[in-house]
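Trainee: Have a look at this one.
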Amino acid sequence: MRRRNLMVIICMLLIPALGGLALAVDVGALIKVFGIGYVVHMFGDQLNSLINTLTFNHGLEGQQSTKVVPIVSMGSGVHIGAAQVAGDPSVVEQVAAVGQLEGTFIDGAFRAKALVPIDNVNPLAGVKRVFGVGISAVIDIRADGGAPVPLPSDKTEEPAAIKGKPWEYVLYLGKELKIDGNNNLVKGDINCPGEMAVTGNNNKLDGKVTGSPKLKGASNRAGVKVSGAQPGYTLNWTKLKGKAKRTVKGGAKLANTTVNGVLYVKGDATITGALKGSGAVVAEGKITIQAPKGRKGTIGGNVFLIAKEKMVITGNNQRIEGFFAGPMTVQIQGNSNKIYGLMVADAVRLQGNSNELLYREPDQKLIELVFQ
């Protein structure tokens with residue numbers, strides 16, 4: 001109850017202050033087109049002034065330099081909000097973002113989020129902590145631009161259905177999701193109108209789940225369940241093939257390959273290392289992702305990997321980046337793999353332990369290349 005009352009007070013303080021800002025522009029449209037990072041940069045000064053005005057009006061003003069920067073997930077690099085940092089001007093200037101780290105304790109009974117001032121907006125590229133800076137406020141940003149919502153309630157109600165584009169989900173499936181193993185994590189929203197079966201122990205779907213998951217085993221969790229699952233997405237294969245800038249024969253092995261636009265494969269393809277550039281690998285057959293034994297590093301990159309038949313990810317302890325799409329089944333067979341991206345497919349079947357599927361947002365050019 002105390003937490004609820006605090007949230008109500010914060011909402012009442014923020015609504016009058018943000019009213020003029022919300023009417024001036026369509027923030028939701030800006031987020032959809034440019035992303036949260038752009039919106040934070042655009043409105044950072046106004047948000048900083050708002051927070052300082054709130055604290056001043058209540059006799060709680062500070063005497064340090066402040067600014068508002070984006071909050072980014074340290075695991076995926078996704079922009080997930082904004083924060084105000086405070087300190088001496090020389091150190092505040094060094095802060096580019098606030099990195100968020102998450103962890104659980106005693107089988108999920110406690111959940112912690114650590115916020116750390118960092119010197120780079122892209123934690124995947126390597127960052128340093130900025131010392132001597134405190135976090136004085138956290139700002140939530142609604143993806144719809146701030147449409148009116150009811151204040152928090154003690155009642156537990158069925159959440160409303162979410163309506164998103166396929167590339168806004170970590171898994172956007174047409175038929176089924178099957179997870180068979182232990183300690184696997186899927187972080188991001190899921191859409192699946194068909195069967196969702198999670199067997200094994202301590203598997204976690206961390207996000208909104210549109211559909212009807214069935215959990216069998218100990219300590220499996222399915223996030224926030226919502227209704228109204230959407231049908232699967234059908235790619236325009238003819239249009240994708242027509243966009244090809246380069247065509248190679250089936251059996252191609254791709255590593256340290258530059259992909260700009262569509263690279264079309266007449267058959268199967270195997271990804272064994274990093275891919276450079278920005279584009280899509282489109283294979284008429286299946287795509288296999290596996291690093292050679294003893295080879296470490298990132299497999300894939302800032303590309304869509306699209307197969308007409310099947311996508312197979314095998315091996316252990318791999319870091320895989322990319323966006324996966326096609327009228328296909330994605331098979332994940334291995335342990336302790338981290339996969340950053342999203343999957344738009346008929347089905348996903350995960351067999352293994354301690355794998356992580358972490359949502360990463362594609363940039364607008366890739367979305368246009370594949371989906372438009």
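Just remember, in the structure tokens the first chain shown is A, the second B, etc., residues are 1-based per chain, and ligands are 1-based in the order shown.
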Using only C-alpha atoms, determine which residues lie at most 9 Å from Ile51 of chain A, disregarding the query and same-chain residues fewer than 4 positions distant; provide the list as an MDAnalysis selection string.
Mentor: chainID A and resid 46:47 55:56 84 137
Trainee: Using the chain letters and numbers from this document, which residues of segment 82-285 of chain A does DSSP assign to strand (DSSP E or B), as a PyMOL selection string?
Mentor: chain A and resi 82-87+97-105+110-118+129+133-139+171-182+185-187+190-191+195-201+204-206+208-210+213-216+221+224-226+244-249+252-254+257-266+269-271+274-283
Trainee: Would you put the residues from that selection into a file with C-alpha atoms, as a tab-separated table (two decimals), in the first residue's frame?
Mentor:
chain	number	residue	atom	x	y	z
A	82	ALA	CA	16.11	7.71	-18.96
A	83	ALA	CA	17.78	8.87	-15.75
A	84	GLN	CA	19.06	12.10	-14.26
A	85	VAL	CA	22.64	12.07	-12.99
A	86	ALA	CA	24.16	14.58	-10.59
A	87	GLY	CA	27.69	15.55	-9.58
A	97	ALA	CA	24.30	6.82	-20.35
A	98	VAL	CA	23.25	4.82	-17.31
A	99	GLY	CA	23.74	1.07	-17.64
A	100	GLN	CA	21.18	-1.25	-16.06
A	101	LEU	CA	22.18	-4.66	-14.65
A	102	GLU	CA	19.61	-7.13	-13.33
A	103	GLY	CA	19.85	-10.12	-11.04
A	104	THR	CA	17.70	-12.38	-8.89
A	105	PHE	CA	18.21	-13.99	-5.49
A	110	PHE	CA	14.25	-10.90	-4.80
A	111	ARG	CA	14.99	-9.00	-7.99
A	112	ALA	CA	17.62	-6.26	-8.15
A	113	LYS	CA	18.35	-3.60	-10.77
A	114	ALA	CA	21.71	-1.85	-10.52
A	115	LEU	CA	22.08	1.52	-12.26
A	116	VAL	CA	25.64	2.52	-13.14
A	117	PRO	CA	26.80	5.80	-14.82
A	118	ILE	CA	28.86	4.86	-17.91
A	129	ARG	CA	32.08	3.47	-15.02
A	133	VAL	CA	28.29	10.78	-10.09
A	134	GLY	CA	24.98	9.90	-8.46
A	135	ILE	CA	21.62	8.97	-10.01
A	136	SER	CA	19.04	11.44	-8.75
A	137	ALA	CA	15.96	10.40	-10.75
A	138	VAL	CA	14.63	7.64	-13.01
A	139	ILE	CA	12.27	8.53	-15.85
A	171	LEU	CA	9.78	-14.11	-30.53
A	172	TYR	CA	6.97	-13.53	-33.05
A	173	LEU	CA	5.77	-17.01	-33.95
A	174	GLY	CA	2.97	-18.43	-36.05
A	175	LYS	CA	2.68	-21.98	-34.72
A	176	GLU	CA	4.61	-23.05	-31.63
A	177	LEU	CA	7.26	-22.48	-28.98
A	178	LYS	CA	8.85	-25.45	-27.22
A	179	ILE	CA	11.52	-25.15	-24.53
A	180	ASP	CA	12.97	-28.37	-23.10
A	181	GLY	CA	15.84	-27.83	-20.68
A	182	ASN	CA	16.87	-25.97	-17.55
A	185	LEU	CA	15.92	-17.22	-20.32
A	186	VAL	CA	13.85	-15.50	-23.02
A	187	LYS	CA	13.92	-11.74	-22.37
A	190	ILE	CA	6.49	-13.06	-27.10
A	191	ASN	CA	3.63	-13.59	-29.55
A	195	GLU	CA	1.21	-24.22	-28.56
A	196	MET	CA	3.69	-22.89	-25.99
A	197	ALA	CA	5.19	-25.69	-23.92
A	198	VAL	CA	7.95	-25.12	-21.35
A	199	THR	CA	9.37	-28.26	-19.72
A	200	GLY	CA	12.37	-28.66	-17.46
A	201	ASN	CA	13.21	-26.46	-14.49
A	204	LYS	CA	11.92	-17.92	-17.53
A	205	LEU	CA	9.92	-15.99	-20.13
A	206	ASP	CA	10.69	-12.42	-19.03
A	208	LYS	CA	4.67	-9.91	-22.02
A	209	VAL	CA	3.51	-13.28	-23.36
A	210	THR	CA	0.63	-13.11	-25.82
A	213	PRO	CA	1.93	-20.94	-22.20
A	214	LYS	CA	1.89	-24.35	-20.50
A	215	LEU	CA	4.54	-24.80	-17.83
A	216	LYS	CA	5.68	-28.25	-16.71
A	221	ARG	CA	7.82	-18.64	-15.08
A	224	VAL	CA	2.96	-11.27	-17.83
A	225	LYS	CA	0.32	-13.23	-19.76
A	226	VAL	CA	-1.93	-11.24	-22.10
A	244	ALA	CA	19.59	-9.26	-53.95
A	245	LYS	CA	22.82	-7.39	-54.62
A	246	ARG	CA	24.87	-10.59	-54.65
A	247	THR	CA	24.02	-14.27	-55.26
A	248	VAL	CA	26.12	-17.28	-54.20
A	249	LYS	CA	25.75	-21.04	-54.62
A	252	ALA	CA	28.28	-21.29	-48.76
A	253	LYS	CA	30.24	-20.82	-45.53
A	254	LEU	CA	30.13	-17.25	-44.31
A	257	THR	CA	31.87	-11.66	-44.90
A	258	THR	CA	30.57	-8.17	-45.66
A	259	VAL	CA	26.81	-8.13	-46.14
A	260	ASN	CA	25.33	-4.92	-47.55
A	261	GLY	CA	21.75	-5.23	-48.76
A	262	VAL	CA	20.56	-8.76	-49.57
A	263	LEU	CA	23.03	-11.62	-50.05
A	264	TYR	CA	21.02	-14.43	-51.71
A	265	VAL	CA	22.08	-18.09	-51.28
A	266	LYS	CA	20.78	-20.69	-53.76
A	269	ALA	CA	24.37	-21.61	-45.84
A	270	THR	CA	26.56	-21.99	-42.74
A	271	ILE	CA	27.54	-19.04	-40.54
A	274	ALA	CA	31.29	-12.56	-37.63
A	275	LEU	CA	29.44	-10.85	-40.48
A	276	LYS	CA	30.30	-7.26	-41.36
A	277	GLY	CA	28.08	-4.56	-42.77
A	278	SER	CA	24.31	-4.26	-42.51
A	279	GLY	CA	21.84	-6.30	-44.53
A	280	ALA	CA	20.31	-9.76	-44.89
A	281	VAL	CA	21.45	-13.27	-45.79
A	282	VAL	CA	18.53	-14.98	-47.55
A	283	ALA	CA	18.86	-18.75	-48.10
Trainee: Report as a list in words all protein, DNA and RNA residues lying within 6 Å of Glu321 of chain A, evaluated on only C-alpha atoms, omitting residues in the same chain fewer than 4 positions from it.
Mentor: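 Near Glu321 of chain A, the qualifying residues are Gly300, Gly301, Ile339 and Tyr340 of chain A.
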Trainee: Show which residues sit within 9 Å of Gln290 of chain A, as a PDB file with C-alpha atoms, in the first residue's frame. Count only C-alpha atoms, and ignore same-chain residues fewer than 4 positions away.
Mentor:
ATOM      1  CA  THR A 270      26.564 -21.991 -42.739  1.00  0.00           C
ATOM      2  CA  ILE A 271      27.543 -19.039 -40.542  1.00  0.00           C
ATOM      3  CA  THR A 272      30.829 -19.726 -38.756  1.00  0.00           C
ATOM      4  CA  GLY A 273      31.986 -16.266 -37.742  1.00  0.00           C
ATOM      5  CA  ILE A 299      28.880 -15.135 -34.749  1.00  0.00           C
ATOM      6  CA  VAL A 312      19.772 -24.496 -36.776  1.00  0.00           C
ATOM      7  CA  ILE A 313      21.905 -23.092 -33.947  1.00  0.00           C
ATOM      8  CA  THR A 314      24.301 -25.625 -32.413  1.00  0.00           C
ATOM      9  CA  GLY A 315      27.274 -25.535 -30.084  1.00  0.00           C
ATOM     10  CA  ASN A 316      28.050 -24.240 -26.600  1.00  0.00           C
ATOM     11  CA  GLN A 318      28.632 -18.928 -28.144  1.00  0.00           C
TER      12      GLN A 318
END
Trainee: Go through segment 84-241 of chain A and collect every residue that DSSP, computed from the backbone, puts in alpha helix (DSSP H); the answer should be as a list in words.
Mentor: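 Filtering segment 84-241 of chain A down to alpha helix (DSSP H) leaves Pro89, Ser90, Val91, Val92, Trp237, Thr238, Lys239, Leu240 and Lys241 of chain A.
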Trainee: For the selection just defined, write its residues with C-alpha atoms to a file, as a PDB file, in the first residue's frame.
Mentor:
ATOM      1  CA  PRO A  89      30.225  19.471 -13.822  1.00  0.00           C
ATOM      2  CA  SER A  90      33.497  17.890 -14.993  1.00  0.00           C
ATOM      3  CA  VAL A  91      32.345  14.335 -14.201  1.00  0.00           C
ATOM      4  CA  VAL A  92      28.697  14.784 -15.202  1.00  0.00           C
ATOM      5  CA  TRP A 237       9.999 -13.965 -50.693  1.00  0.00           C
ATOM      6  CA  THR A 238       9.820 -12.707 -54.279  1.00  0.00           C
ATOM      7  CA  LYS A 239      10.505  -9.140 -53.185  1.00  0.00           C
ATOM      8  CA  LEU A 240      13.423 -10.237 -50.989  1.00  0.00           C
ATOM      9  CA  LYS A 241      14.980 -12.190 -53.852  1.00  0.00           C
TER      10      LYS A 241
END
Trainee: For atom CA of Tyr169 of chain A and atom CA of Arg360 of chain A, determine how far apart the two atoms are, in Å to one decimal place.
Mentor: 9.1 Å
Trainee: So what do you get for atom CA of Val370 of chain A versus atom CA of Thr298 of chain A, distance-wise?
Mentor: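 Value for the atom CA of Val370 of chain A-atom CA of Thr298 of chain A distance: 22.6 Å.
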Trainee: What is the atom CA of Pro362 of chain A-atom CA of Gly341 of chain A distance in Å, reported with one decimal?
Mentor: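 Answer for the atom CA of Pro362 of chain A to atom CA of Gly341 of chain A separation: 7.7 Å.
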Trainee: May I ask which of the residues A:Glu309, A:Ala218, A:Ala125, A:Gln331 is the closest one to Leu350 of chain A, counting only C-alpha atoms?
Mentor: A:Gln331
Trainee: Could you check the closest approach to Pro231 of chain A for each of A:Lys293, A:Arg319, A:Lys286, A:Lys165 and tell me which residue wins, using only C-alpha atoms?
Mentor: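 Using only C-alpha atoms, the shortest distance to Pro231 of chain A belongs to A:Lys165.
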Trainee: Between A:Pro70, A:Gly217, A:Gly75, A:Gly207, single out the one closest to Val39 of chain A, counting only C-alpha atoms.
Mentor: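 Counting only C-alpha atoms, the residue closest to Val39 of chain A is A:Pro70.
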Trainee: Just want the 9 Å neighbourhood of Met328 of chain A, counted on only C-alpha atoms, with same-chain residues fewer than 3 positions away dropped. Output as a PyMOL selection string.
Mentor: chain A and resi 286+306-311+325+344-348
Trainee: Give the answer as one residue: which of A:Val303, A:Ile106, A:Met42, A:Ala229 has the shortest atom-to-atom distance to Ile320 of chain A, using only C-alpha atoms?
Mentor: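 Using only C-alpha atoms, Ile320 of chain A sits closest to A:Val303.
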